[in-house]
Amino acid sequence: LSDDLTRAESQITRHPDYPEPGVVFRDITPLLADGTSLRAVTDAMYRPFAGGFDIVAGVEARGFLLAGTIASLAGTGVLPIRKAGKLPDPAASIEYTLEYGSARIEAPGVLFPGARVLVVDDILATGGTLAASQQLVRELGGELVGTTVILELDGLGGRETVGDHVHSVFTAALS
Ligand code: PRP
Ligand code: MG
């Protein structure tokens, strides 16, 4: 890892027993607040896919920050994947299970047929959020070209759930 990435990794903080006992919350906000770190991490997230995607899909809420930044670096547009109930006319809607709870995500019908989509989020934990996002992209008629995250947590089966072409900048043990 470059010095910038090593420093960025150290800016992801751990918060045991949040939001509930037994869960270790990873907070990326110190990393996001540092311009050098944000640039280094978002650059590392999309490099393996550079030139191969037409639009970046980010999952509400933390994925939005990364999707916008990566799209700006790559010169593409963004597809916001919303939590349910925020869109007047969603083109696709999927329910999924979270590490803590369940949720539904939806997306607008703005992809051109066959648009090559890079799906981004902050953390891969169980993979529920990203697997649902991938399914959503397919239902929208997009071609999923890759999935990329800042941090992959080992031990929850996330990589198996999300499948091939997943890139993570950092990996950490669950606890
Ligand atoms: C968190 C995180 C990922 C997801 C990872 O989002 O930002 O999107 O959980 O977990 P998974 O791999 O088990 O699905 P969350 O829905 O908590 O909310 P936020 O992004 O709106 O803060
Ligand atoms: Mg999230």
# chains A, B, ... in the order shown; residues from 1 in each chain; ligands from 1

$ select_by_dssp --residues "segment 27-170 of chain A" --states "alpha helix (DSSP H)" --output "PyMOL selection string"
chain A and resi 29-32+35-46+62-74+128-139+158-162

$ closest_atom_pairs --of "chain A" --to "ligand 1" --cutoff "6 Å" --atoms "only C-alpha atoms and all ligand atoms" --output "Markdown table"
| residue | atom | partner | partner_atom_place_in_ligand_line | distance |
| --- | --- | --- | --- | --- |
| A:Glu60 | CA | ligand 1 | 21 (O) | 5.2 |
| A:Ala61 | CA | ligand 1 | 21 (O) | 3.8 |
| A:Arg62 | CA | ligand 1 | 20 (O) | 4.1 |
| A:Leu98 | CA | ligand 1 | 13 (O) | 4.7 |
| A:Glu99 | CA | ligand 1 | 13 (O) | 4.3 |
| A:Asp121 | CA | ligand 1 | 8 (O) | 5.8 |
| A:Asp122 | CA | ligand 1 | 7 (O) | 5.4 |
| A:Ile123 | CA | ligand 1 | 3 (C) | 5.0 |
| A:Leu124 | CA | ligand 1 | 12 (O) | 4.2 |
| A:Ala125 | CA | ligand 1 | 12 (O) | 3.4 |
| A:Thr126 | CA | ligand 1 | 13 (O) | 3.6 |
| A:Gly127 | CA | ligand 1 | 12 (O) | 3.5 |
| A:Gly128 | CA | ligand 1 | 14 (O) | 3.9 |
| A:Thr129 | CA | ligand 1 | 14 (O) | 3.6 |

$ write_last_selection --atoms "all heavy atoms" --output "compact mmCIF listing (two decimals), in the first residue's frame"
# COMPACT_ATOMS: atom_id res chain seq x y z
N GLU A 60 -27.37 4.27 -0.90
CA GLU A 60 -27.68 5.18 0.19
C GLU A 60 -27.34 4.54 1.53
O GLU A 60 -27.65 3.37 1.72
CB GLU A 60 -29.18 5.52 0.14
CG GLU A 60 -29.60 6.61 1.11
CD GLU A 60 -31.07 7.02 0.94
OE1 GLU A 60 -31.77 6.45 0.07
OE2 GLU A 60 -31.50 7.90 1.69
N ALA A 61 -26.74 5.23 2.49
CA ALA A 61 -26.30 6.60 2.36
C ALA A 61 -24.79 6.71 2.10
O ALA A 61 -24.33 7.55 1.33
CB ALA A 61 -26.62 7.35 3.65
N ARG A 62 -24.01 5.83 2.72
CA ARG A 62 -22.56 6.04 2.65
C ARG A 62 -22.02 5.82 1.25
O ARG A 62 -21.03 6.44 0.86
CB ARG A 62 -21.87 5.14 3.67
CG ARG A 62 -22.15 5.58 5.10
CD ARG A 62 -21.56 4.64 6.10
NE ARG A 62 -22.57 3.91 6.84
CZ ARG A 62 -22.31 2.85 7.61
NH1 ARG A 62 -21.08 2.41 7.72
NH2 ARG A 62 -23.27 2.26 8.26
N LEU A 98 -29.87 -7.22 6.37
CA LEU A 98 -28.67 -6.51 6.81
C LEU A 98 -28.01 -7.24 7.97
O LEU A 98 -28.62 -8.14 8.56
CB LEU A 98 -29.06 -5.13 7.34
CG LEU A 98 -28.98 -3.93 6.43
CD1 LEU A 98 -29.41 -2.70 7.20
CD2 LEU A 98 -27.56 -3.73 5.91
N GLU A 99 -26.79 -6.84 8.30
CA GLU A 99 -26.11 -7.38 9.48
C GLU A 99 -26.99 -7.15 10.71
O GLU A 99 -27.04 -7.97 11.61
CB GLU A 99 -24.75 -6.66 9.63
CG GLU A 99 -23.83 -7.27 10.65
CD GLU A 99 -22.49 -6.56 10.72
OE1 GLU A 99 -22.24 -5.68 9.87
OE2 GLU A 99 -21.72 -6.87 11.65
N ASP A 121 -19.72 0.83 -2.59
CA ASP A 121 -20.22 1.08 -1.23
C ASP A 121 -19.01 1.21 -0.31
O ASP A 121 -17.87 0.99 -0.73
CB ASP A 121 -21.16 -0.04 -0.78
CG ASP A 121 -22.12 0.39 0.31
OD1 ASP A 121 -22.06 1.56 0.77
OD2 ASP A 121 -22.93 -0.44 0.75
N ASP A 122 -19.26 1.54 0.94
CA ASP A 122 -18.13 1.72 1.86
C ASP A 122 -17.62 0.38 2.38
O ASP A 122 -16.43 0.11 2.34
CB ASP A 122 -18.48 2.68 3.02
CG ASP A 122 -19.61 2.20 3.90
OD1 ASP A 122 -20.45 1.39 3.43
OD2 ASP A 122 -19.68 2.64 5.06
N ILE A 123 -18.55 -0.46 2.86
CA ILE A 123 -18.13 -1.69 3.57
C ILE A 123 -18.88 -2.90 3.05
O ILE A 123 -20.10 -2.85 2.81
CB ILE A 123 -18.36 -1.51 5.09
CG1 ILE A 123 -17.34 -0.50 5.64
CG2 ILE A 123 -18.24 -2.83 5.83
CD1 ILE A 123 -17.58 -0.07 7.06
N LEU A 124 -18.14 -3.98 2.86
CA LEU A 124 -18.73 -5.29 2.56
C LEU A 124 -18.71 -6.09 3.86
O LEU A 124 -17.64 -6.46 4.35
CB LEU A 124 -17.91 -5.99 1.48
CG LEU A 124 -18.22 -7.46 1.19
CD1 LEU A 124 -19.64 -7.65 0.71
CD2 LEU A 124 -17.23 -8.01 0.15
N ALA A 125 -19.90 -6.34 4.43
CA ALA A 125 -20.00 -7.12 5.67
C ALA A 125 -20.63 -8.47 5.31
O ALA A 125 -19.94 -9.37 4.84
CB ALA A 125 -20.77 -6.35 6.72
N THR A 126 -21.95 -8.62 5.47
CA THR A 126 -22.60 -9.87 5.05
C THR A 126 -22.74 -9.94 3.53
O THR A 126 -22.96 -11.03 2.98
CB THR A 126 -24.01 -10.01 5.64
OG1 THR A 126 -24.85 -8.99 5.08
CG2 THR A 126 -24.01 -9.88 7.16
N GLY A 127 -22.67 -8.79 2.87
CA GLY A 127 -22.86 -8.74 1.43
C GLY A 127 -24.31 -8.55 1.01
O GLY A 127 -24.60 -8.44 -0.18
N GLY A 128 -25.20 -8.50 1.98
CA GLY A 128 -26.63 -8.36 1.67
C GLY A 128 -26.94 -7.11 0.86
O GLY A 128 -27.69 -7.15 -0.12
N THR A 129 -26.35 -6.00 1.28
CA THR A 129 -26.61 -4.72 0.60
C THR A 129 -26.09 -4.76 -0.84
O THR A 129 -26.79 -4.36 -1.78
CB THR A 129 -25.92 -3.57 1.36
OG1 THR A 129 -26.40 -3.57 2.72
CG2 THR A 129 -26.21 -2.24 0.72

$ residues_around --residues "Gly114 of chain A" --least-positions-apart "2" --cutoff "10 Å" --atoms "only C-alpha atoms" --output "JSON, numbers by chain"
{"A": [54, 111, 112, 116, 117, 138, 140, 141, 142, 143, 144]}

$ select_by_dssp --residues "segment 124-169 of chain A" --states "strand (DSSP E or B)" --output "ChimeraX atom specification"
/A:124,143-153,166-169

$ write_last_selection --atoms "N, CA, C and O atoms" --output "short mmCIF file (atom, residue, chain, number, x, y, z; two decimals), in the first residue's frame"
data_model
loop_
_atom_site.label_atom_id
_atom_site.label_comp_id
_atom_site.auth_asym_id
_atom_site.auth_seq_id
_atom_site.Cartn_x
_atom_site.Cartn_y
_atom_site.Cartn_z
N LEU A 124 -18.14 -3.98 2.86
CA LEU A 124 -18.73 -5.29 2.56
C LEU A 124 -18.71 -6.09 3.86
O LEU A 124 -17.64 -6.46 4.35
N GLU A 143 -25.41 -3.67 -17.25
CA GLU A 143 -24.42 -4.75 -17.22
C GLU A 143 -23.49 -4.48 -16.04
O GLU A 143 -22.80 -3.46 -16.00
N LEU A 144 -23.50 -5.38 -15.07
CA LEU A 144 -22.66 -5.22 -13.88
C LEU A 144 -21.21 -5.54 -14.25
O LEU A 144 -20.91 -6.68 -14.60
N VAL A 145 -20.33 -4.56 -14.18
CA VAL A 145 -18.94 -4.83 -14.54
C VAL A 145 -18.03 -4.99 -13.33
O VAL A 145 -16.91 -5.48 -13.45
N GLY A 146 -18.51 -4.60 -12.16
CA GLY A 146 -17.68 -4.77 -10.98
C GLY A 146 -18.35 -4.19 -9.75
O GLY A 146 -19.36 -3.49 -9.85
N THR A 147 -17.79 -4.57 -8.62
CA THR A 147 -18.28 -4.10 -7.33
C THR A 147 -17.05 -3.72 -6.52
O THR A 147 -16.08 -4.50 -6.47
N THR A 148 -17.06 -2.55 -5.91
CA THR A 148 -15.87 -2.12 -5.20
C THR A 148 -16.21 -1.44 -3.89
O THR A 148 -17.21 -0.72 -3.80
N VAL A 149 -15.42 -1.74 -2.87
CA VAL A 149 -15.66 -1.19 -1.53
C VAL A 149 -14.34 -0.71 -0.92
O VAL A 149 -13.26 -1.09 -1.36
N ILE A 150 -14.47 0.11 0.10
CA ILE A 150 -13.27 0.52 0.85
C ILE A 150 -12.77 -0.64 1.69
O ILE A 150 -11.61 -1.02 1.64
N LEU A 151 -13.69 -1.23 2.48
CA LEU A 151 -13.29 -2.22 3.48
C LEU A 151 -14.14 -3.47 3.39
O LEU A 151 -15.37 -3.40 3.40
N GLU A 152 -13.47 -4.61 3.32
CA GLU A 152 -14.13 -5.92 3.35
C GLU A 152 -13.89 -6.54 4.72
O GLU A 152 -12.74 -6.66 5.16
N LEU A 153 -14.98 -6.94 5.38
CA LEU A 153 -14.84 -7.62 6.67
C LEU A 153 -14.85 -9.12 6.45
O LEU A 153 -15.79 -9.65 5.85
N VAL A 166 -15.26 -8.58 -7.30
CA VAL A 166 -15.35 -7.68 -6.16
C VAL A 166 -13.95 -7.21 -5.80
O VAL A 166 -13.04 -8.03 -5.64
N HIS A 167 -13.80 -5.92 -5.67
CA HIS A 167 -12.51 -5.35 -5.29
C HIS A 167 -12.67 -4.62 -3.95
O HIS A 167 -13.61 -3.84 -3.78
N SER A 168 -11.76 -4.91 -3.01
CA SER A 168 -11.77 -4.15 -1.76
C SER A 168 -10.38 -3.55 -1.57
O SER A 168 -9.36 -4.21 -1.82
N VAL A 169 -10.33 -2.31 -1.15
CA VAL A 169 -9.04 -1.64 -0.93
C VAL A 169 -8.38 -2.19 0.33
O VAL A 169 -7.18 -2.46 0.35
#

$ atom_distance --atom1 "atom CA of Arg104 of chain A" --atom2 "atom CA of Val59 of chain A"
11.2 Å

$ residues_around --residues "Glu95 of chain A" --least-positions-apart "4" --cutoff "12 Å" --atoms "only C-alpha atoms" --output "number ranges by chain"
A: 82-84, 101-106, 128-133, 135-136

$ residues_around --residues "segment 66-74 of chain A" --least-positions-apart "2" --cutoff "8 Å" --atoms "only C-alpha atoms" --output "compact mmCIF listing (two decimals) with N, CA and C atoms, in the first residue's frame"
# COMPACT_ATOMS: atom_id res chain seq x y z
N THR A 42 -10.63 6.53 -3.11
CA THR A 42 -11.56 6.44 -4.23
C THR A 42 -10.80 6.09 -5.52
N ASP A 43 -9.58 6.60 -5.65
CA ASP A 43 -8.76 6.24 -6.80
C ASP A 43 -8.48 4.72 -6.81
N TYR A 46 -11.59 2.51 -7.91
CA TYR A 46 -12.06 2.36 -9.31
C TYR A 46 -10.98 1.98 -10.30
N ALA A 50 -11.14 1.03 -14.43
CA ALA A 50 -11.04 2.29 -15.17
C ALA A 50 -11.24 2.07 -16.67
N GLY A 51 -12.08 2.88 -17.26
CA GLY A 51 -12.35 2.80 -18.69
C GLY A 51 -13.40 1.76 -19.05
N ILE A 55 -21.28 4.25 -15.75
CA ILE A 55 -21.98 4.92 -14.64
C ILE A 55 -21.62 4.23 -13.33
N VAL A 56 -21.63 4.98 -12.24
CA VAL A 56 -21.30 4.44 -10.92
C VAL A 56 -22.57 4.42 -10.07
N ALA A 57 -22.92 3.25 -9.57
CA ALA A 57 -24.09 3.12 -8.69
C ALA A 57 -23.62 3.10 -7.24
N GLY A 58 -24.20 3.97 -6.42
CA GLY A 58 -23.85 4.02 -5.00
C GLY A 58 -25.07 3.80 -4.15
N ARG A 62 -24.01 5.83 2.72
CA ARG A 62 -22.56 6.04 2.65
C ARG A 62 -22.02 5.82 1.25
N GLY A 63 -22.68 4.95 0.48
CA GLY A 63 -22.24 4.71 -0.88
C GLY A 63 -22.38 5.92 -1.80
N PHE A 64 -23.33 6.82 -1.46
CA PHE A 64 -23.51 8.04 -2.26
C PHE A 64 -22.23 8.86 -2.32
N THR A 76 -17.81 9.98 -15.31
CA THR A 76 -19.09 9.31 -15.61
C THR A 76 -20.21 9.93 -14.77
N GLY A 77 -21.43 9.43 -14.99
CA GLY A 77 -22.55 9.83 -14.16
C GLY A 77 -22.70 8.91 -12.95
N VAL A 78 -23.73 9.20 -12.15
CA VAL A 78 -24.02 8.37 -10.98
C VAL A 78 -25.45 7.86 -11.02
N VAL A 120 -20.67 0.63 -6.05
CA VAL A 120 -19.73 0.99 -4.98
C VAL A 120 -20.45 1.15 -3.64
N ASP A 121 -19.72 0.83 -2.59
CA ASP A 121 -20.22 1.08 -1.23
C ASP A 121 -19.01 1.21 -0.31
N ASP A 122 -19.26 1.54 0.94
CA ASP A 122 -18.13 1.72 1.86
C ASP A 122 -17.62 0.38 2.38

$ closest_residue --among "A:Asp154, A:Arg26, A:Leu32, A:Val41" --to "Asp3 of chain A" --atoms "only C-alpha atoms"
A:Val41

$ atom_distance --atom1 "atom CA of Phe49 of chain A" --atom2 "atom CA of Leu118 of chain A"
7.8 Å

$ atom_distance --atom1 "atom CA of Ala8 of chain A" --atom2 "atom CA of Leu31 of chain A"
5.7 Å

$ closest_residue --among "A:Val162, A:Glu139, A:Ile28, A:Leu156" --to "ligand 2" --atoms "only C-alpha atoms and all ligand atoms"
A:Ile28
